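**Student:** First, the structure itself, so that you have it in front of you.
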Amino acid sequence: MLQIHQFPCLSDNYGFLIHDPATGATATIDTPDAEEIMRQADAKGWRITDIWNTHWHPDHAGGNAAIKGKTGAIVTGPAEVERIGTAPDRVVDEGDRVRLGEIEARVLNVGGHTLGHIAFVFDADNVAFVGDALFALGCGRLFEGTPQQMWTSLQKLTALPDDATLYCAHEYTQSNARFALSVDPENIALKTRAADIDRLRAAGKPTVPMTLRMEKETNPFLRAPALLPGMADWEAFADIRKQKDNFKG
Ligand code: ZN
Ligand code: FE
C-alpha cells in the first residue's frame, strides 16, 4: 500500500513524498522546493529514488536538478519538462504505466494548464496526483491549452471513482471558494464546504487532499454545464474559466 507524506512548501504549494514500504522506493511528486523536500525525506527516513513531474512549471520541476544531483533519482515526466533545463530520464504520457517499487500508477494526459501536463493515478489505492489540472474548488489556468482540451482533461479525472482521493499541488481553496460561491450561490453542499474550509484554514490545516465526489458536487468548473445550461459543456466551462480569470474577490 502506498504511503503518502504531504507538507506545505513555497508560498502555497504542497510537496508530496510517496513511498513503497515493500521496496523502500520513494518518489517526490514534483520538485517545488528541493531543500524542503530533502529535509522532509530525511525526517521520514526515506531515500528519494524517483522524481515524478506533472508539468514543466518552475514550482513543479525547478528542483529536479538539485534533487537528482544529491540523490541520483530517476526523473519521470512529460517531455515538456526539458523546458526547465534537463530532459526527463523517462518521458511518459497518456496510457503509460510507471512503477514505484511494487506499486503501479498509470499516466493521464490532463493538458490545458500546460500542453503536456500529466496526472498519476494509483488505481489500487484509489488515489491520484493531479498537479495544477484540478484544484479543490478550482482548476488550473489555461496558460497553454484550449478550453476544449482542458474540459476533455477534466473528464478523464471525473471518470475516476467518486470516492477517489485527489492530491492537487496548491492550497488555493479558500480563494477558490469565494469565486465558487459567487457563481453557485444556492449550492448547499458548497456553502457547507466553504464553512469547513474556513474552519480548516483558521486552524492552519490543509484542505488537500479532496474527494472526487466533493468536487463533482461543489467545484464550479466541473459543474459548469449545470450552471450554464443551453450551451456545449466545454463552452460552459470556458465561460466559467473566463469569469474566474476576471474575478476580483
Ligand atoms: Zn503550474
Ligand atoms: Fe503550480
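Identifiers for the C-alpha cells are assigned positionally: chains receive A, B, ... in sequence, residues are indexed from 1 per chain, and ligands are indexed from 1 in the order shown.
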Which chains and residue numbers are within 12 Å of ligand 1, counting only C-alpha atoms and all ligand atoms, if I want them as number ranges by chain?
**Tutor:** A: 12-13, 30-32, 53-62, 81, 111-118, 130-135, 139-144, 168-170
**Student:** Could the residues in this selection be saved with N, CA, C and O atoms as a short mmCIF file (atom, residue, chain, number, x, y, z; two decimals), in the first residue's frame?
**Tutor:**
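Result went into result.cif, see below:
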data_model
loop_
_atom_site.label_atom_id
_atom_site.label_comp_id
_atom_site.auth_asym_id
_atom_site.auth_seq_id
_atom_site.Cartn_x
_atom_site.Cartn_y
_atom_site.Cartn_z
N ASP A 12 2.45 28.61 -1.43
CA ASP A 12 1.15 27.92 -1.38
C ASP A 12 1.19 26.56 -2.08
O ASP A 12 0.15 26.05 -2.46
N ASN A 13 2.39 26.00 -2.27
CA ASN A 13 2.49 24.66 -2.87
C ASN A 13 2.38 23.58 -1.80
O ASN A 13 2.63 23.83 -0.63
N ASP A 30 6.69 16.07 -8.16
CA ASP A 30 7.15 17.43 -8.44
C ASP A 30 8.25 17.85 -7.45
O ASP A 30 8.51 17.16 -6.45
N THR A 31 8.89 18.96 -7.80
CA THR A 31 10.05 19.41 -7.00
C THR A 31 9.94 20.92 -6.74
O THR A 31 10.80 21.69 -7.17
N PRO A 32 8.89 21.33 -6.03
CA PRO A 32 8.71 22.77 -5.81
C PRO A 32 9.87 23.39 -5.01
O PRO A 32 10.24 24.53 -5.27
N ASN A 53 7.33 14.19 -12.32
CA ASN A 53 6.83 15.54 -12.60
C ASN A 53 5.46 15.51 -13.27
O ASN A 53 5.20 14.67 -14.13
N THR A 54 4.64 16.50 -12.89
CA THR A 54 3.33 16.65 -13.56
C THR A 54 3.40 17.61 -14.73
O THR A 54 2.68 17.44 -15.71
N HIS A 55 4.23 18.65 -14.62
CA HIS A 55 4.38 19.60 -15.73
C HIS A 55 5.64 20.43 -15.51
O HIS A 55 6.31 20.28 -14.50
N TRP A 56 5.94 21.28 -16.48
CA TRP A 56 7.27 21.89 -16.52
C TRP A 56 7.42 23.14 -15.66
O TRP A 56 8.55 23.61 -15.47
N HIS A 57 6.37 23.69 -15.12
CA HIS A 57 6.47 24.98 -14.41
C HIS A 57 7.51 24.90 -13.28
O HIS A 57 7.67 23.86 -12.65
N PRO A 58 8.20 26.04 -13.04
CA PRO A 58 9.29 26.05 -12.05
C PRO A 58 8.88 25.59 -10.65
O PRO A 58 9.69 24.99 -9.93
N ASP A 59 7.64 25.85 -10.25
CA ASP A 59 7.22 25.40 -8.91
C ASP A 59 6.82 23.93 -8.92
O ASP A 59 6.25 23.42 -7.94
N HIS A 60 7.12 23.23 -10.01
CA HIS A 60 6.84 21.78 -10.11
C HIS A 60 8.07 20.98 -10.55
O HIS A 60 8.19 19.81 -10.20
N ALA A 61 8.96 21.62 -11.33
CA ALA A 61 10.14 20.90 -11.83
C ALA A 61 11.43 21.66 -11.55
O ALA A 61 12.51 21.18 -11.88
N GLY A 62 11.32 22.82 -10.89
CA GLY A 62 12.50 23.66 -10.67
C GLY A 62 13.54 23.04 -9.75
O GLY A 62 14.71 23.42 -9.80
N VAL A 81 9.08 18.90 -19.67
CA VAL A 81 9.94 19.20 -18.52
C VAL A 81 11.33 19.65 -18.96
O VAL A 81 12.02 20.39 -18.23
N GLY A 111 -3.70 17.81 -20.15
CA GLY A 111 -3.21 19.08 -20.68
C GLY A 111 -4.27 20.18 -20.69
O GLY A 111 -5.47 19.92 -20.78
N GLY A 112 -3.76 21.41 -20.65
CA GLY A 112 -4.62 22.59 -20.66
C GLY A 112 -3.94 23.73 -19.89
O GLY A 112 -3.72 24.81 -20.42
N HIS A 113 -3.58 23.45 -18.65
CA HIS A 113 -2.76 24.39 -17.86
C HIS A 113 -1.42 24.55 -18.56
O HIS A 113 -0.99 25.66 -18.88
N THR A 114 -0.75 23.42 -18.83
CA THR A 114 0.32 23.34 -19.84
C THR A 114 -0.11 22.24 -20.80
O THR A 114 -0.94 21.39 -20.45
N LEU A 115 0.50 22.23 -21.99
CA LEU A 115 0.04 21.27 -23.00
C LEU A 115 0.32 19.84 -22.59
O LEU A 115 -0.45 18.93 -22.86
N GLY A 116 1.48 19.63 -21.93
CA GLY A 116 1.88 18.25 -21.63
C GLY A 116 1.56 17.78 -20.23
O GLY A 116 2.01 16.71 -19.82
N HIS A 117 0.80 18.55 -19.48
CA HIS A 117 0.51 18.24 -18.07
C HIS A 117 -0.04 16.81 -17.93
O HIS A 117 -0.94 16.41 -18.66
N ILE A 118 0.52 16.06 -16.97
CA ILE A 118 0.04 14.70 -16.72
C ILE A 118 -0.42 14.56 -15.27
O ILE A 118 -0.09 15.38 -14.41
N VAL A 130 -2.80 15.20 -9.18
CA VAL A 130 -3.33 15.91 -10.34
C VAL A 130 -2.62 17.24 -10.61
O VAL A 130 -3.02 17.96 -11.53
N GLY A 131 -1.58 17.55 -9.83
CA GLY A 131 -0.79 18.75 -10.12
C GLY A 131 -1.63 20.01 -10.13
O GLY A 131 -2.38 20.28 -9.17
N ASP A 132 -1.52 20.77 -11.21
CA ASP A 132 -2.28 22.02 -11.35
C ASP A 132 -3.43 21.86 -12.35
O ASP A 132 -3.90 22.85 -12.93
N ALA A 133 -3.88 20.62 -12.59
CA ALA A 133 -5.00 20.43 -13.52
C ALA A 133 -6.32 20.74 -12.82
O ALA A 133 -7.09 21.59 -13.26
N LEU A 134 -6.56 20.06 -11.72
CA LEU A 134 -7.78 20.26 -10.93
C LEU A 134 -7.36 20.68 -9.53
O LEU A 134 -6.50 20.06 -8.93
N PHE A 135 -7.98 21.73 -9.01
CA PHE A 135 -7.76 22.13 -7.62
C PHE A 135 -9.03 21.91 -6.81
O PHE A 135 -10.11 21.75 -7.39
N CYS A 139 -9.59 24.96 -10.92
CA CYS A 139 -8.80 24.22 -11.91
C CYS A 139 -7.68 25.14 -12.36
O CYS A 139 -7.71 26.34 -12.10
N GLY A 140 -6.68 24.57 -13.02
CA GLY A 140 -5.52 25.35 -13.44
C GLY A 140 -5.90 26.38 -14.50
O GLY A 140 -6.82 26.18 -15.29
N ARG A 141 -5.18 27.48 -14.47
CA ARG A 141 -5.36 28.48 -15.53
C ARG A 141 -4.91 27.90 -16.87
O ARG A 141 -4.00 27.08 -16.93
N LEU A 142 -5.52 28.36 -17.93
CA LEU A 142 -5.20 27.85 -19.27
C LEU A 142 -4.06 28.66 -19.86
O LEU A 142 -4.27 29.53 -20.69
N PHE A 143 -2.83 28.36 -19.43
CA PHE A 143 -1.68 29.08 -19.96
C PHE A 143 -1.35 28.64 -21.38
O PHE A 143 -0.85 29.42 -22.17
N GLU A 144 -1.57 27.38 -21.69
CA GLU A 144 -1.13 26.85 -22.99
C GLU A 144 -2.24 26.19 -23.79
O GLU A 144 -2.23 26.24 -25.02
N CYS A 168 -3.95 17.74 -5.11
CA CYS A 168 -3.56 18.82 -6.01
C CYS A 168 -2.37 19.56 -5.41
O CYS A 168 -2.05 19.39 -4.23
N ALA A 169 -1.73 20.40 -6.22
CA ALA A 169 -0.42 20.93 -5.85
C ALA A 169 -0.43 22.26 -5.14
O ALA A 169 0.62 22.76 -4.75
N HIS A 170 -1.59 22.87 -4.98
CA HIS A 170 -1.63 24.19 -4.32
C HIS A 170 -2.76 24.28 -3.31
O HIS A 170 -3.82 23.67 -3.49
#
**Student:** If you run DSSP on this backbone, which residues of stretch 58-201 of chain A come out as alpha helix (DSSP H), and could you give them as a ChimeraX atom specification?
**Tutor:** /A:58-61,64-71,147-158,173-183,188-201
**Student:** Let me see the file: selected residues, C-alpha atoms, as a PDB file, in the first residue's frame.
**Tutor:**
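Below is the file selection29.pdb, written as the result:
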ATOM      1  CA  PRO A  58       9.289  26.053 -12.050  1.00  0.00           C
ATOM      2  CA  ASP A  59       7.218  25.404  -8.909  1.00  0.00           C
ATOM      3  CA  HIS A  60       6.843  21.783 -10.110  1.00  0.00           C
ATOM      4  CA  ALA A  61      10.138  20.902 -11.833  1.00  0.00           C
ATOM      5  CA  ASN A  64      14.758  18.491 -10.327  1.00  0.00           C
ATOM      6  CA  ALA A  65      18.455  19.190 -10.898  1.00  0.00           C
ATOM      7  CA  ALA A  66      19.227  19.763  -7.216  1.00  0.00           C
ATOM      8  CA  ILE A  67      17.429  16.631  -6.024  1.00  0.00           C
ATOM      9  CA  LYS A  68      18.797  14.487  -8.838  1.00  0.00           C
ATOM     10  CA  GLY A  69      22.288  15.811  -8.095  1.00  0.00           C
ATOM     11  CA  LYS A  70      22.055  14.869  -4.423  1.00  0.00           C
ATOM     12  CA  THR A  71      20.224  11.526  -4.725  1.00  0.00           C
ATOM     13  CA  PRO A 147     -10.887  25.242 -23.058  1.00  0.00           C
ATOM     14  CA  GLN A 148     -11.902  22.185 -25.103  1.00  0.00           C
ATOM     15  CA  GLN A 149      -8.635  20.467 -24.238  1.00  0.00           C
ATOM     16  CA  MET A 150      -8.963  21.291 -20.542  1.00  0.00           C
ATOM     17  CA  TRP A 151     -12.578  20.133 -20.450  1.00  0.00           C
ATOM     18  CA  THR A 152     -11.530  16.816 -22.015  1.00  0.00           C
ATOM     19  CA  SER A 153      -8.749  16.547 -19.442  1.00  0.00           C
ATOM     20  CA  LEU A 154     -11.130  17.171 -16.556  1.00  0.00           C
ATOM     21  CA  GLN A 155     -13.433  14.451 -17.906  1.00  0.00           C
ATOM     22  CA  LYS A 156     -10.599  11.956 -17.524  1.00  0.00           C
ATOM     23  CA  LEU A 157     -10.384  12.860 -13.843  1.00  0.00           C
ATOM     24  CA  THR A 158     -14.140  12.787 -13.263  1.00  0.00           C
ATOM     25  CA  THR A 173      -9.062  26.528  -1.818  1.00  0.00           C
ATOM     26  CA  GLN A 174     -10.201  29.462   0.288  1.00  0.00           C
ATOM     27  CA  SER A 175      -9.993  31.974  -2.563  1.00  0.00           C
ATOM     28  CA  ASN A 176     -11.454  29.394  -4.953  1.00  0.00           C
ATOM     29  CA  ALA A 177     -14.405  29.088  -2.574  1.00  0.00           C
ATOM     30  CA  ARG A 178     -15.117  32.831  -2.803  1.00  0.00           C
ATOM     31  CA  PHE A 179     -15.404  32.560  -6.572  1.00  0.00           C
ATOM     32  CA  ALA A 180     -17.395  29.314  -6.414  1.00  0.00           C
ATOM     33  CA  LEU A 181     -19.953  30.916  -4.081  1.00  0.00           C
ATOM     34  CA  SER A 182     -20.279  33.870  -6.461  1.00  0.00           C
ATOM     35  CA  VAL A 183     -21.329  31.683  -9.394  1.00  0.00           C
ATOM     36  CA  ILE A 188     -25.954  23.924  -0.121  1.00  0.00           C
ATOM     37  CA  ALA A 189     -23.071  21.443  -0.359  1.00  0.00           C
ATOM     38  CA  LEU A 190     -20.797  24.283  -1.490  1.00  0.00           C
ATOM     39  CA  LYS A 191     -21.862  26.560   1.357  1.00  0.00           C
ATOM     40  CA  THR A 192     -21.226  23.794   3.869  1.00  0.00           C
ATOM     41  CA  ARG A 193     -17.867  23.043   2.315  1.00  0.00           C
ATOM     42  CA  ALA A 194     -16.835  26.712   2.267  1.00  0.00           C
ATOM     43  CA  ALA A 195     -17.529  26.918   6.003  1.00  0.00           C
ATOM     44  CA  ASP A 196     -15.486  23.739   6.569  1.00  0.00           C
ATOM     45  CA  ILE A 197     -12.632  25.231   4.529  1.00  0.00           C
ATOM     46  CA  ASP A 198     -12.634  28.429   6.586  1.00  0.00           C
ATOM     47  CA  ARG A 199     -12.509  26.356   9.754  1.00  0.00           C
ATOM     48  CA  LEU A 200      -9.618  24.210   8.471  1.00  0.00           C
ATOM     49  CA  ARG A 201      -7.593  27.214   7.329  1.00  0.00           C
TER      50      ARG A 201
END
**Student:** Please identify which residues in stretch 1-245 of chain A DSSP calls strand (DSSP E) from the backbone, and express them as number ranges by chain.
**Tutor:** A: 3-9, 13-19, 26-29, 50-52, 74-77, 90-91, 97-100, 103-109, 118-122, 127-131, 134-135, 138-139, 165-168, 210-211
**Student:** Considering only C-alpha atoms, return as number ranges by chain whatever protein or nucleic-acid residues lie within 9 Å of stretch 93-107 of chain A, sequence-local ones (same chain, fewer than 2 positions apart) excluded.
**Tutor:** A: 1-2, 18-27, 49-50, 76-79, 91, 109-110, 116-124, 128
**Student:** Find the spatial neighbours of A:Leu212, counting only C-alpha atoms, within a cut-off of 9 Å - ignore same-chain residues fewer than 5 positions away - and output them as a list in words.
**Tutor:**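 Listed by chain and then number, they are Leu157, Thr158, Leu160, Pro161, Asp162, Asp163, Ala164, Thr165, Leu166 and Glu217 of chain A.
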**Student:** Restrict the selected residues to N, CA and C atoms and save them as a CSV table (one decimal), in the first residue's frame.
**Tutor:**
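Written file, part34.csv:
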chain,number,residue,atom,x,y,z
A,157,LEU,N,-10.5,12.9,-15.3
A,157,LEU,CA,-10.4,12.9,-13.8
A,157,LEU,C,-11.7,12.5,-13.3
A,158,THR,N,-12.8,13.1,-13.8
A,158,THR,CA,-14.1,12.8,-13.3
A,158,THR,C,-14.6,11.4,-13.6
A,160,LEU,N,-12.8,8.9,-12.8
A,160,LEU,CA,-12.3,8.1,-11.7
A,160,LEU,C,-13.4,7.8,-10.7
A,161,PRO,N,-13.2,6.8,-9.8
A,161,PRO,CA,-14.3,6.5,-8.9
A,161,PRO,C,-14.6,7.7,-8.0
A,162,ASP,N,-15.9,7.9,-7.7
A,162,ASP,CA,-16.3,9.1,-6.9
A,162,ASP,C,-15.6,9.2,-5.6
A,163,ASP,N,-15.2,8.0,-5.0
A,163,ASP,CA,-14.5,8.1,-3.7
A,163,ASP,C,-13.0,8.2,-3.9
A,164,ALA,N,-12.5,8.4,-5.1
A,164,ALA,CA,-11.1,8.6,-5.3
A,164,ALA,C,-10.6,9.8,-4.5
A,165,THR,N,-9.4,9.7,-4.0
A,165,THR,CA,-8.7,10.8,-3.2
A,165,THR,C,-7.8,11.5,-4.2
A,166,LEU,N,-8.0,12.9,-4.3
A,166,LEU,CA,-7.2,13.7,-5.3
A,166,LEU,C,-6.3,14.6,-4.5
A,217,GLU,N,-19.7,17.7,-6.7
A,217,GLU,CA,-20.9,18.4,-6.1
A,217,GLU,C,-20.7,19.9,-5.9
**Student:** Between atom CA of A:Leu137 and atom CA of A:Val75, what is the distance, to one decimal in Å?
**Tutor:**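 Rounded to one decimal, the two atoms are 30.0 Å apart.
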**Student:** Which one of A:Tyr14, A:Phe221, A:Tyr172, A:Trp52 sits closest to A:Arg241 if you count only C-alpha atoms?
**Tutor:**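 Result for the nearest residue to A:Arg241: A:Phe221.
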**Student:** Go through A:Gly15, A:Pro220, A:Pro206, A:Gly230 one by one, measure the shortest atom-to-atom distance of each to ligand 2 using only C-alpha atoms and all ligand atoms, and give the residue with the smallest value.
**Tutor:**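 Smallest distance to ligand 2 is found for A:Gly15.
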